[in-house]
file structure37.txt (compact mmCIF, C-alpha atoms)
# COMPACT_ATOMS: atom_id res chain seq x y z
CA MET A 4 206.68 106.82 -46.59
CA LEU A 5 204.29 106.38 -49.49
CA GLN A 6 204.85 107.83 -52.95
CA ILE A 7 202.17 109.03 -55.39
CA GLU A 8 201.88 106.73 -58.38
CA ARG A 9 198.71 107.94 -60.07
CA ILE A 10 196.27 110.83 -59.67
CA ILE A 11 192.60 110.00 -60.18
CA GLY A 12 191.08 113.44 -59.64
CA SER A 13 189.78 116.05 -57.22
CA LEU A 14 187.00 115.10 -54.85
CA PRO A 15 183.67 116.97 -55.12
CA TYR A 16 183.69 118.03 -51.48
CA GLY A 17 185.96 119.60 -48.88
CA ASN A 18 187.30 123.15 -48.54
CA SER A 19 190.82 121.71 -48.50
CA LYS A 20 190.28 120.46 -52.09
CA PRO A 21 191.58 116.92 -51.45
CA VAL A 22 192.61 114.64 -54.31
CA LYS A 23 192.00 110.94 -54.87
CA ILE A 24 195.25 109.14 -55.70
CA VAL A 25 196.82 105.71 -56.00
CA ALA A 26 200.04 105.24 -54.02
CA ASN A 27 202.97 102.93 -54.68
CA ASP A 28 201.41 100.29 -52.41
CA LYS A 29 198.61 100.08 -55.04
CA LYS A 30 195.98 101.31 -52.57
CA THR A 31 193.66 104.24 -53.18
CA TYR A 32 193.85 107.20 -50.81
CA ILE A 33 192.53 110.68 -50.22
CA LEU A 34 195.50 113.06 -50.35
CA LYS A 35 195.27 116.00 -47.97
CA PHE A 36 197.63 118.90 -48.39
CA ARG A 37 200.10 120.61 -46.08
CA LYS A 38 198.88 123.92 -47.46
CA ASP A 39 195.14 124.48 -47.69
CA TYR A 40 192.60 127.25 -47.06
CA LEU A 41 193.56 127.68 -43.40
CA LYS A 42 195.97 130.41 -42.48
CA GLY A 43 199.47 129.03 -42.03
CA LYS A 44 200.65 125.61 -43.08
CA ASP A 45 200.28 122.01 -41.84
CA ARG A 46 197.47 122.90 -39.43
CA SER A 47 194.77 120.65 -40.92
CA ASN A 48 197.20 117.78 -41.36
CA THR A 49 198.47 118.08 -37.79
CA ASN A 50 194.90 117.96 -36.50
CA GLU A 51 194.09 114.89 -38.63
CA TYR A 52 197.32 113.16 -37.61
CA ILE A 53 196.75 113.60 -33.88
CA ALA A 54 193.07 112.63 -34.11
CA TYR A 55 193.73 109.41 -36.01
CA LYS A 56 196.52 108.42 -33.63
CA LEU A 57 194.27 109.01 -30.61
CA ILE A 58 191.41 107.08 -32.24
CA GLU A 59 193.81 104.18 -32.74
CA HIS A 60 195.19 104.40 -29.20
CA PHE A 61 191.76 104.52 -27.56
CA GLY A 62 190.36 101.82 -29.84
CA LEU A 63 187.39 103.92 -30.92
CA LYS A 64 185.41 102.04 -33.57
CA ILE A 65 184.56 104.98 -35.78
CA ALA A 66 187.24 105.27 -38.46
CA PRO A 67 188.57 101.98 -39.89
CA GLN A 68 190.59 103.70 -42.57
CA LYS A 69 194.28 104.26 -41.88
CA LEU A 70 196.26 107.48 -42.09
CA GLU A 71 199.61 107.26 -43.85
CA LEU A 72 202.36 109.75 -44.61
CA ILE A 73 202.93 110.42 -48.30
CA GLU A 74 205.42 112.57 -50.19
CA ILE A 75 204.73 115.26 -52.74
CA ASP A 76 207.92 115.61 -54.76
CA ASP A 77 208.75 117.10 -58.16
CA PHE A 78 207.55 113.95 -59.92
CA ALA A 79 204.20 114.08 -58.11
CA ILE A 80 203.80 117.77 -58.98
CA SER A 81 204.46 116.98 -62.65
CA LEU A 82 201.78 114.28 -62.47
CA ALA A 83 199.37 116.79 -60.97
CA GLU A 84 200.08 119.36 -63.65
CA LYS A 85 199.16 116.80 -66.32
CA SER A 86 196.05 115.58 -64.52
CA ASN A 87 192.46 116.83 -64.54
CA ILE A 88 192.34 118.05 -60.93
CA THR A 89 190.78 121.42 -60.21
CA LYS A 90 192.74 124.67 -60.25
CA GLU A 91 192.26 124.98 -56.49
CA SER A 92 193.63 121.48 -55.87
CA LEU A 93 196.62 122.19 -58.11
CA VAL A 94 197.44 125.38 -56.20
CA TYR A 95 197.46 123.47 -52.91
CA PHE A 96 199.36 120.58 -54.52
CA ARG A 97 202.20 122.84 -55.69
CA ALA A 98 202.38 124.59 -52.29
CA SER A 99 202.56 121.31 -50.35
CA LYS A 100 205.88 119.85 -51.39
CA GLY A 101 207.19 117.48 -48.74
CA THR A 102 205.39 115.15 -46.33
CA ASN A 103 201.59 115.16 -46.50
CA ILE A 104 198.90 112.76 -45.29
CA ALA A 105 196.94 110.09 -47.15
CA ILE A 106 193.79 108.54 -45.73
CA GLU A 107 192.54 105.23 -47.08
CA PHE A 108 189.66 105.71 -49.51
CA LEU A 109 186.40 104.01 -48.53
CA ASP A 110 184.42 102.37 -51.33
CA ASN A 111 180.65 102.00 -51.50
CA VAL A 112 179.87 104.74 -49.00
CA ARG A 113 177.84 107.94 -49.08
CA LYS A 114 177.41 110.95 -46.87
CA THR A 115 174.70 110.41 -44.32
CA THR A 116 172.32 112.57 -42.33
CA LYS A 117 171.93 112.84 -38.58
CA ASP A 118 168.54 111.11 -38.67
CA GLU A 119 170.08 108.00 -40.25
CA ILE A 120 172.63 107.49 -37.47
CA ALA A 121 171.00 105.32 -34.84
CA GLN A 122 173.93 103.73 -32.98
CA LYS A 123 174.36 105.42 -29.60
CA LYS A 124 177.82 103.94 -28.94
CA PHE A 125 179.05 105.22 -32.31
CA ILE A 126 177.67 108.67 -31.56
CA GLN A 127 179.27 108.70 -28.10
CA ALA A 128 182.61 107.59 -29.56
CA VAL A 129 182.48 110.41 -32.11
CA ARG A 130 181.56 112.87 -29.35
CA THR A 131 184.52 111.60 -27.33
CA ILE A 132 187.22 112.26 -29.92
CA ASP A 133 185.53 115.46 -31.16
CA ASN A 134 185.49 116.91 -27.65
CA ILE A 135 189.07 115.90 -26.93
CA MET A 136 190.21 117.45 -30.21
CA MET A 137 187.87 120.47 -29.98
CA ASN A 138 186.29 119.57 -33.31
CA ASP A 139 182.75 120.86 -33.85
CA ASP A 140 182.86 120.48 -37.64
CA ARG A 141 179.76 118.25 -37.78
CA GLU A 142 176.57 120.08 -38.61
CA LEU A 143 173.20 119.13 -40.08
CA ASP A 144 174.20 120.13 -43.60
CA ASN A 145 177.64 118.49 -43.35
CA THR A 146 177.88 115.65 -40.85
CA ASN A 147 181.32 114.46 -41.99
CA ILE A 148 180.02 110.95 -41.43
CA LEU A 149 179.76 108.31 -44.14
CA GLN A 150 177.39 105.36 -44.28
CA HIS A 151 178.05 102.07 -46.07
CA GLN A 152 175.52 101.65 -48.85
CA THR A 153 174.94 97.92 -48.43
CA LYS A 154 175.99 97.06 -44.86
CA LYS A 155 173.32 98.19 -42.45
CA ASN A 156 174.38 100.42 -39.56
CA HIS A 157 178.01 100.80 -40.72
CA TYR A 158 179.11 104.39 -40.20
CA TYR A 159 182.50 106.05 -40.58
CA ALA A 160 183.48 109.40 -39.08
CA ILE A 161 185.88 111.51 -41.14
CA ASP A 162 187.63 114.87 -41.16
CA TRP A 163 189.28 116.36 -38.08
CA GLY A 164 190.99 119.11 -40.07
CA LEU A 165 189.23 121.89 -38.16
CA SER A 166 190.12 120.54 -34.73
CA LEU A 167 191.72 122.62 -31.97
CA ASP A 168 188.78 125.02 -32.22
CA SER A 169 188.97 125.62 -35.96
CA ALA A 170 192.77 125.80 -35.64
CA GLU A 171 192.50 128.96 -33.53
CA LEU A 172 194.95 127.48 -31.02
CA TYR A 173 197.74 127.78 -33.61
CA SER A 174 196.89 131.42 -34.28
CA ASP A 175 196.81 132.26 -30.58
CA VAL A 176 200.23 130.73 -29.98
CA LYS A 177 201.59 132.51 -33.05
CA THR A 178 200.32 135.91 -31.93
CA GLY A 179 201.18 135.43 -28.26
CA ASP A 180 197.54 135.45 -27.12
CA ILE A 181 197.52 131.86 -25.87
CA ASN A 182 197.79 132.82 -22.18
CA ASN A 183 194.52 134.73 -22.43
CA ARG A 184 192.70 131.69 -23.81
CA TYR A 185 194.53 128.78 -22.17
CA MET A 186 191.76 128.06 -19.69
CA TYR A 187 189.18 128.34 -22.48
CA PHE A 188 190.98 125.71 -24.57
CA GLN A 189 191.20 123.44 -21.55
CA ASN A 190 187.53 123.69 -20.65
CA VAL A 191 185.36 124.40 -23.71
CA ASP A 192 182.81 121.69 -24.54
CA VAL A 193 182.45 121.94 -28.30
CA VAL A 194 179.89 119.11 -28.32
CA ASN A 195 177.42 121.41 -26.54
CA ARG A 196 177.49 124.08 -29.22
CA PRO A 197 174.11 124.72 -30.93
CA ASP A 198 175.20 123.58 -34.41
CA TYR A 199 177.01 120.40 -33.35
CA ILE A 200 174.84 117.50 -34.53
CA PHE A 201 175.19 115.28 -31.47
CA ARG A 202 174.65 117.93 -28.79
CA ASP A 203 171.38 116.22 -27.78
CA THR A 204 173.14 112.92 -27.02
CA LYS A 205 174.83 112.69 -23.63
CA GLY A 206 177.88 110.80 -22.49
CA PHE A 207 181.27 109.73 -23.79
CA ILE A 208 183.13 106.47 -24.32
CA SER A 209 185.37 105.56 -21.38
CA VAL A 210 189.03 105.87 -22.41
CA ASP A 211 192.23 104.68 -20.77
CA LYS A 212 193.83 107.72 -19.14
CA LYS A 213 196.92 105.89 -17.88
CA ASP A 214 200.15 107.66 -18.93
CA ILE A 215 198.06 109.86 -21.24
CA GLU A 216 200.47 112.80 -21.13
CA GLY A 217 203.34 110.58 -22.28
CA ILE A 218 201.18 109.04 -25.02
CA ILE A 219 200.06 112.42 -26.33
CA ARG A 220 203.63 113.69 -26.17
CA GLU A 221 204.82 110.70 -28.19
CA ILE A 222 202.12 111.32 -30.82
CA VAL A 223 202.85 115.04 -31.11
CA LYS A 224 206.61 114.55 -31.25
CA SER A 225 206.19 111.96 -34.02
CA ILE A 226 204.65 114.56 -36.34
CA PRO A 227 206.97 115.10 -39.34
CA GLN A 228 209.72 117.49 -38.33
CA GLU A 229 209.24 119.66 -41.40
CA TRP A 230 205.69 120.57 -40.42
CA GLU A 231 205.46 124.15 -39.24
CA THR A 232 203.07 123.38 -36.37
CA HIS A 233 205.85 122.18 -34.07
CA TYR A 234 205.95 125.65 -32.50
CA CYS A 235 202.71 124.59 -30.76
CA ASP A 236 203.94 121.22 -29.44
CA GLU A 237 203.96 121.99 -25.73
CA GLU A 238 200.64 123.84 -25.78
CA ILE A 239 198.96 121.01 -27.70
CA ILE A 240 200.36 118.37 -25.34
CA SER A 241 199.31 120.27 -22.23
CA ILE A 242 195.82 121.17 -23.44
CA LEU A 243 194.93 117.76 -24.91
CA THR A 244 196.22 116.00 -21.78
CA SER A 245 194.00 118.21 -19.64
CA ARG A 246 191.01 117.59 -21.90
CA VAL A 247 191.38 113.80 -21.76
CA GLN A 248 191.79 113.86 -17.99
CA ASN A 249 189.03 116.34 -17.15
CA LYS A 250 186.50 116.52 -20.01
CA ILE A 251 185.92 112.82 -20.79
CA LYS A 252 184.05 111.35 -17.83

call {"tool": "encode", "arguments": {"input": "structure37.txt", "output": "structure tokens"}}
result
Amino acid sequence: MLQIERIIGSLPYGNSKPVKIVANDKKTYILKFRKDYLKGKDRSNTNEYIAYKLIEHFGLKIAPQKLELIEIDDFAISLAEKSNITKESLVYFRASKGTNIAIEFLDNVRKTTKDEIAQKKFIQAVRTIDNIMMNDDRELDNTNILQHQTKKNHYYAIDWGLSLDSAELYSDVKTGDINNRYMYFQNVDVVNRPDYIFRDTKGFISVDKKDIEGIIREIVKSIPQEWETHYCDEEIISILTSRVQNKIK
């Protein structure tokens, strides 16, 4: 597991108030916190973890950066308290002691608009993982897609923190309402929602569905044991397996 060596500062975007850091492997990462603006804890990080693992498994060419596990300990908190990060970031930093996630920082990129994204296969690949993960957090004013500033037609999808239908699945399991919405979670097509930027593009990338339940189970069970979202393990495994098998055609 990585350790935090240096804190560069808060990023100017993201409701989760992520922080740019340098880890002990000397690489620069975006640190995302166990505790953020979502109700509960570890929900955004669980969503990101599962999404990145599925992207890697399916070989989707949309997110070249790697996701790593990183520790916030007392030393890291002391670094944060001496740094120039925002008050909001510091609150989340202090509340996130333990295992968090770090995503490789991409240099020389900028946020892009829908009109600039011309690669159909890239769009279909993004639609594929977004629909599997129930992530509709891509809108005209915030695409969550980056474009390389010098390499033409190089795009990078980011941010699956609001997957599983804006993390509502966790709330429904917690409150005991999951049975009422189980079929909804299995069948909803978030890529057809009015505000989703790629709703006017059809089709998905073909993915290997062989042994998919076992693969998803392995991913979910590999989530750090301290994360509070483990109470949803079986529901997540069942619903994501159904979505891969029945929604991606």

call {"tool": "residues_around", "arguments": {"input": "structure37.txt", "residues": "Asp77 (chain A)", "least_positions_apart": "4", "cutoff": "12 Å", "atoms": "all atoms listed in the file", "output": "number ranges by chain"}}
result
A: 6-7, 81-84, 96-101

call {"tool": "closest_atom_pairs", "arguments": {"input": "structure37.txt", "of": "region 72-146 of chain A", "to": "region 55-65 of chain A", "cutoff": "10 Å", "atoms": "all atoms listed in the file", "output": "JSON lines"}}
result
{"residue": "A:Ile106", "atom": "CA", "partner": "A:Tyr55", "partner_atom": "CA", "distance": 9.8}
{"residue": "A:Lys124", "atom": "CA", "partner": "A:Lys64", "partner_atom": "CA", "distance": 9.1}
{"residue": "A:Phe125", "atom": "CA", "partner": "A:Ile65", "partner_atom": "CA", "distance": 6.5}
{"residue": "A:Ile126", "atom": "CA", "partner": "A:Ile65", "partner_atom": "CA", "distance": 8.9}
{"residue": "A:Gln127", "atom": "CA", "partner": "A:Leu63", "partner_atom": "CA", "distance": 9.8}
{"residue": "A:Ala128", "atom": "CA", "partner": "A:Leu63", "partner_atom": "CA", "distance": 6.2}
{"residue": "A:Val129", "atom": "CA", "partner": "A:Ile65", "partner_atom": "CA", "distance": 6.9}
{"residue": "A:Thr131", "atom": "CA", "partner": "A:Leu63", "partner_atom": "CA", "distance": 9.0}
{"residue": "A:Ile132", "atom": "CA", "partner": "A:Ile58", "partner_atom": "CA", "distance": 7.1}
{"residue": "A:Ile135", "atom": "CA", "partner": "A:Leu57", "partner_atom": "CA", "distance": 9.4}
{"residue": "A:Met136", "atom": "CA", "partner": "A:Leu57", "partner_atom": "CA", "distance": 9.4}

call {"tool": "closest_residue", "arguments": {"input": "structure37.txt", "among": "A:Glu91, A:Glu8, A:Asp139, A:Glu221", "to": "Asp76 (chain A)", "atoms": "all atoms listed in the file"}}
result
A:Glu8

call {"tool": "closest_residue", "arguments": {"input": "structure37.txt", "among": "A:Pro227, A:Leu109, A:Asn134, A:Asn182", "to": "Ile73 (chain A)", "atoms": "all atoms listed in the file"}}
result
A:Pro227

call {"tool": "closest_residue", "arguments": {"input": "structure37.txt", "among": "A:Glu231, A:Asp28, A:Asp236, A:Asp203", "to": "Lys117 (chain A)", "atoms": "only C-alpha atoms"}}
result
A:Asp203

call {"tool": "atom_distance", "arguments": {"input": "structure37.txt", "atom1": "CA of Asn27 (chain A)", "atom2": "CA of Ile226 (chain A)"}}
result
21.8 Å

call {"tool": "atom_distance", "arguments": {"input": "structure37.txt", "atom1": "CA of Asp118 (chain A)", "atom2": "CA of Lys155 (chain A)"}}
result
14.3 Å

call {"tool": "residues_around", "arguments": {"input": "structure37.txt", "residues": "Tyr95 (chain A)", "least_positions_apart": "6", "cutoff": "12 Å", "atoms": "all atoms listed in the file", "output": "CSV table (one decimal) with C-alpha atoms, in the frame of the given file"}}
result
chain,number,residue,atom,x,y,z
A,13,SER,CA,189.8,116.0,-57.2
A,18,ASN,CA,187.3,123.2,-48.5
A,19,SER,CA,190.8,121.7,-48.5
A,20,LYS,CA,190.3,120.5,-52.1
A,21,PRO,CA,191.6,116.9,-51.4
A,22,VAL,CA,192.6,114.6,-54.3
A,34,LEU,CA,195.5,113.1,-50.4
A,35,LYS,CA,195.3,116.0,-48.0
A,36,PHE,CA,197.6,118.9,-48.4
A,37,ARG,CA,200.1,120.6,-46.1
A,38,LYS,CA,198.9,123.9,-47.5
A,39,ASP,CA,195.1,124.5,-47.7
A,40,TYR,CA,192.6,127.2,-47.1
A,41,LEU,CA,193.6,127.7,-43.4
A,44,LYS,CA,200.6,125.6,-43.1
A,45,ASP,CA,200.3,122.0,-41.8
A,75,ILE,CA,204.7,115.3,-52.7
A,80,ILE,CA,203.8,117.8,-59.0
A,83,ALA,CA,199.4,116.8,-61.0
A,84,GLU,CA,200.1,119.4,-63.6
A,88,ILE,CA,192.3,118.0,-60.9
A,89,THR,CA,190.8,121.4,-60.2
A,103,ASN,CA,201.6,115.2,-46.5

call {"tool": "closest_residue", "arguments": {"input": "structure37.txt", "among": "A:Thr232, A:Ser225, A:Gln122, A:Thr31", "to": "Val176 (chain A)", "atoms": "all atoms listed in the file"}}
result
A:Thr232

call {"tool": "build_atoms", "arguments": {"input": "structure37.txt", "residues": "region 167-190 of chain A", "atoms": "N, CA, C and O atoms", "output": "PDB file, in the frame of the given file"}}
result
ATOM      1  N   LEU A 167     191.070 121.578 -32.774  1.00  0.00           N
ATOM      2  CA  LEU A 167     191.720 122.620 -31.970  1.00  0.00           C
ATOM      3  C   LEU A 167     191.012 123.953 -32.184  1.00  0.00           C
ATOM      4  O   LEU A 167     191.620 124.985 -32.417  1.00  0.00           O
ATOM      5  N   ASP A 168     189.661 123.854 -32.124  1.00  0.00           N
ATOM      6  CA  ASP A 168     188.780 125.020 -32.220  1.00  0.00           C
ATOM      7  C   ASP A 168     189.013 125.783 -33.515  1.00  0.00           C
ATOM      8  O   ASP A 168     189.352 126.966 -33.514  1.00  0.00           O
ATOM      9  N   SER A 169     188.787 125.066 -34.618  1.00  0.00           N
ATOM     10  CA  SER A 169     188.970 125.620 -35.960  1.00  0.00           C
ATOM     11  C   SER A 169     190.388 126.164 -36.153  1.00  0.00           C
ATOM     12  O   SER A 169     190.600 127.169 -36.847  1.00  0.00           O
ATOM     13  N   ALA A 170     191.340 125.468 -35.547  1.00  0.00           N
ATOM     14  CA  ALA A 170     192.770 125.800 -35.640  1.00  0.00           C
ATOM     15  C   ALA A 170     193.118 127.140 -34.996  1.00  0.00           C
ATOM     16  O   ALA A 170     194.214 127.662 -35.198  1.00  0.00           O
ATOM     17  N   GLU A 171     192.218 127.679 -34.178  1.00  0.00           N
ATOM     18  CA  GLU A 171     192.500 128.960 -33.530  1.00  0.00           C
ATOM     19  C   GLU A 171     193.652 128.848 -32.532  1.00  0.00           C
ATOM     20  O   GLU A 171     194.339 129.835 -32.254  1.00  0.00           O
ATOM     21  N   LEU A 172     193.852 127.651 -31.968  1.00  0.00           N
ATOM     22  CA  LEU A 172     194.950 127.480 -31.020  1.00  0.00           C
ATOM     23  C   LEU A 172     196.281 127.867 -31.660  1.00  0.00           C
ATOM     24  O   LEU A 172     197.113 128.541 -31.039  1.00  0.00           O
ATOM     25  N   TYR A 173     196.488 127.459 -32.914  1.00  0.00           N
ATOM     26  CA  TYR A 173     197.740 127.780 -33.610  1.00  0.00           C
ATOM     27  C   TYR A 173     197.903 129.296 -33.746  1.00  0.00           C
ATOM     28  O   TYR A 173     198.995 129.835 -33.537  1.00  0.00           O
ATOM     29  N   SER A 174     196.825 129.964 -34.114  1.00  0.00           N
ATOM     30  CA  SER A 174     196.890 131.420 -34.280  1.00  0.00           C
ATOM     31  C   SER A 174     197.195 132.109 -32.969  1.00  0.00           C
ATOM     32  O   SER A 174     197.979 133.063 -32.922  1.00  0.00           O
ATOM     33  N   ASP A 175     196.586 131.627 -31.874  1.00  0.00           N
ATOM     34  CA  ASP A 175     196.810 132.260 -30.580  1.00  0.00           C
ATOM     35  C   ASP A 175     198.236 132.096 -30.091  1.00  0.00           C
ATOM     36  O   ASP A 175     198.808 133.010 -29.482  1.00  0.00           O
ATOM     37  N   VAL A 176     198.820 130.919 -30.346  1.00  0.00           N
ATOM     38  CA  VAL A 176     200.230 130.730 -29.980  1.00  0.00           C
ATOM     39  C   VAL A 176     201.109 131.635 -30.826  1.00  0.00           C
ATOM     40  O   VAL A 176     202.047 132.269 -30.336  1.00  0.00           O
ATOM     41  N   LYS A 177     200.784 131.714 -32.119  1.00  0.00           N
ATOM     42  CA  LYS A 177     201.590 132.510 -33.050  1.00  0.00           C
ATOM     43  C   LYS A 177     201.591 133.995 -32.665  1.00  0.00           C
ATOM     44  O   LYS A 177     202.623 134.672 -32.746  1.00  0.00           O
ATOM     45  N   THR A 178     200.440 134.487 -32.241  1.00  0.00           N
ATOM     46  CA  THR A 178     200.320 135.910 -31.930  1.00  0.00           C
ATOM     47  C   THR A 178     200.635 136.235 -30.475  1.00  0.00           C
ATOM     48  O   THR A 178     200.635 137.409 -30.090  1.00  0.00           O
ATOM     49  N   GLY A 179     200.864 135.203 -29.667  1.00  0.00           N
ATOM     50  CA  GLY A 179     201.180 135.430 -28.260  1.00  0.00           C
ATOM     51  C   GLY A 179     199.974 135.605 -27.374  1.00  0.00           C
ATOM     52  O   GLY A 179     200.096 136.017 -26.206  1.00  0.00           O
ATOM     53  N   ASP A 180     198.771 135.280 -27.899  1.00  0.00           N
ATOM     54  CA  ASP A 180     197.540 135.450 -27.120  1.00  0.00           C
ATOM     55  C   ASP A 180     197.134 134.190 -26.375  1.00  0.00           C
ATOM     56  O   ASP A 180     196.075 134.171 -25.730  1.00  0.00           O
ATOM     57  N   ILE A 181     197.926 133.145 -26.420  1.00  0.00           N
ATOM     58  CA  ILE A 181     197.520 131.860 -25.870  1.00  0.00           C
ATOM     59  C   ILE A 181     197.242 131.936 -24.369  1.00  0.00           C
ATOM     60  O   ILE A 181     196.323 131.276 -23.858  1.00  0.00           O
ATOM     61  N   ASN A 182     198.001 132.741 -23.634  1.00  0.00           N
ATOM     62  CA  ASN A 182     197.790 132.820 -22.180  1.00  0.00           C
ATOM     63  C   ASN A 182     196.393 133.321 -21.829  1.00  0.00           C
ATOM     64  O   ASN A 182     195.809 132.930 -20.815  1.00  0.00           O
ATOM     65  N   ASN A 183     195.842 134.184 -22.672  1.00  0.00           N
ATOM     66  CA  ASN A 183     194.520 134.730 -22.430  1.00  0.00           C
ATOM     67  C   ASN A 183     193.419 133.695 -22.659  1.00  0.00           C
ATOM     68  O   ASN A 183     192.305 133.851 -22.134  1.00  0.00           O
ATOM     69  N   ARG A 184     193.740 132.665 -23.431  1.00  0.00           N
ATOM     70  CA  ARG A 184     192.700 131.690 -23.810  1.00  0.00           C
ATOM     71  C   ARG A 184     193.044 130.269 -23.373  1.00  0.00           C
ATOM     72  O   ARG A 184     192.361 129.323 -23.745  1.00  0.00           O
ATOM     73  N   TYR A 185     194.091 130.119 -22.570  1.00  0.00           N
ATOM     74  CA  TYR A 185     194.530 128.780 -22.170  1.00  0.00           C
ATOM     75  C   TYR A 185     193.432 128.034 -21.420  1.00  0.00           C
ATOM     76  O   TYR A 185     193.131 126.876 -21.725  1.00  0.00           O
ATOM     77  N   MET A 186     192.814 128.703 -20.471  1.00  0.00           N
ATOM     78  CA  MET A 186     191.760 128.060 -19.690  1.00  0.00           C
ATOM     79  C   MET A 186     190.552 127.732 -20.572  1.00  0.00           C
ATOM     80  O   MET A 186     189.902 126.698 -20.396  1.00  0.00           O
ATOM     81  N   TYR A 187     190.269 128.604 -21.538  1.00  0.00           N
ATOM     82  CA  TYR A 187     189.180 128.340 -22.480  1.00  0.00           C
ATOM     83  C   TYR A 187     189.446 127.053 -23.248  1.00  0.00           C
ATOM     84  O   TYR A 187     188.563 126.187 -23.360  1.00  0.00           O
ATOM     85  N   PHE A 188     190.643 126.907 -23.800  1.00  0.00           N
ATOM     86  CA  PHE A 188     190.980 125.710 -24.570  1.00  0.00           C
ATOM     87  C   PHE A 188     190.920 124.455 -23.695  1.00  0.00           C
ATOM     88  O   PHE A 188     190.581 123.374 -24.174  1.00  0.00           O
ATOM     89  N   GLN A 189     191.248 124.584 -22.459  1.00  0.00           N
ATOM     90  CA  GLN A 189     191.200 123.440 -21.550  1.00  0.00           C
ATOM     91  C   GLN A 189     189.775 123.010 -21.225  1.00  0.00           C
ATOM     92  O   GLN A 189     189.512 121.825 -20.986  1.00  0.00           O
ATOM     93  N   ASN A 190     188.839 123.957 -21.223  1.00  0.00           N
ATOM     94  CA  ASN A 190     187.530 123.690 -20.650  1.00  0.00           C
ATOM     95  C   ASN A 190     186.341 123.731 -21.613  1.00  0.00           C
ATOM     96  O   ASN A 190     185.259 123.257 -21.258  1.00  0.00           O
TER      97      ASN A 190
END
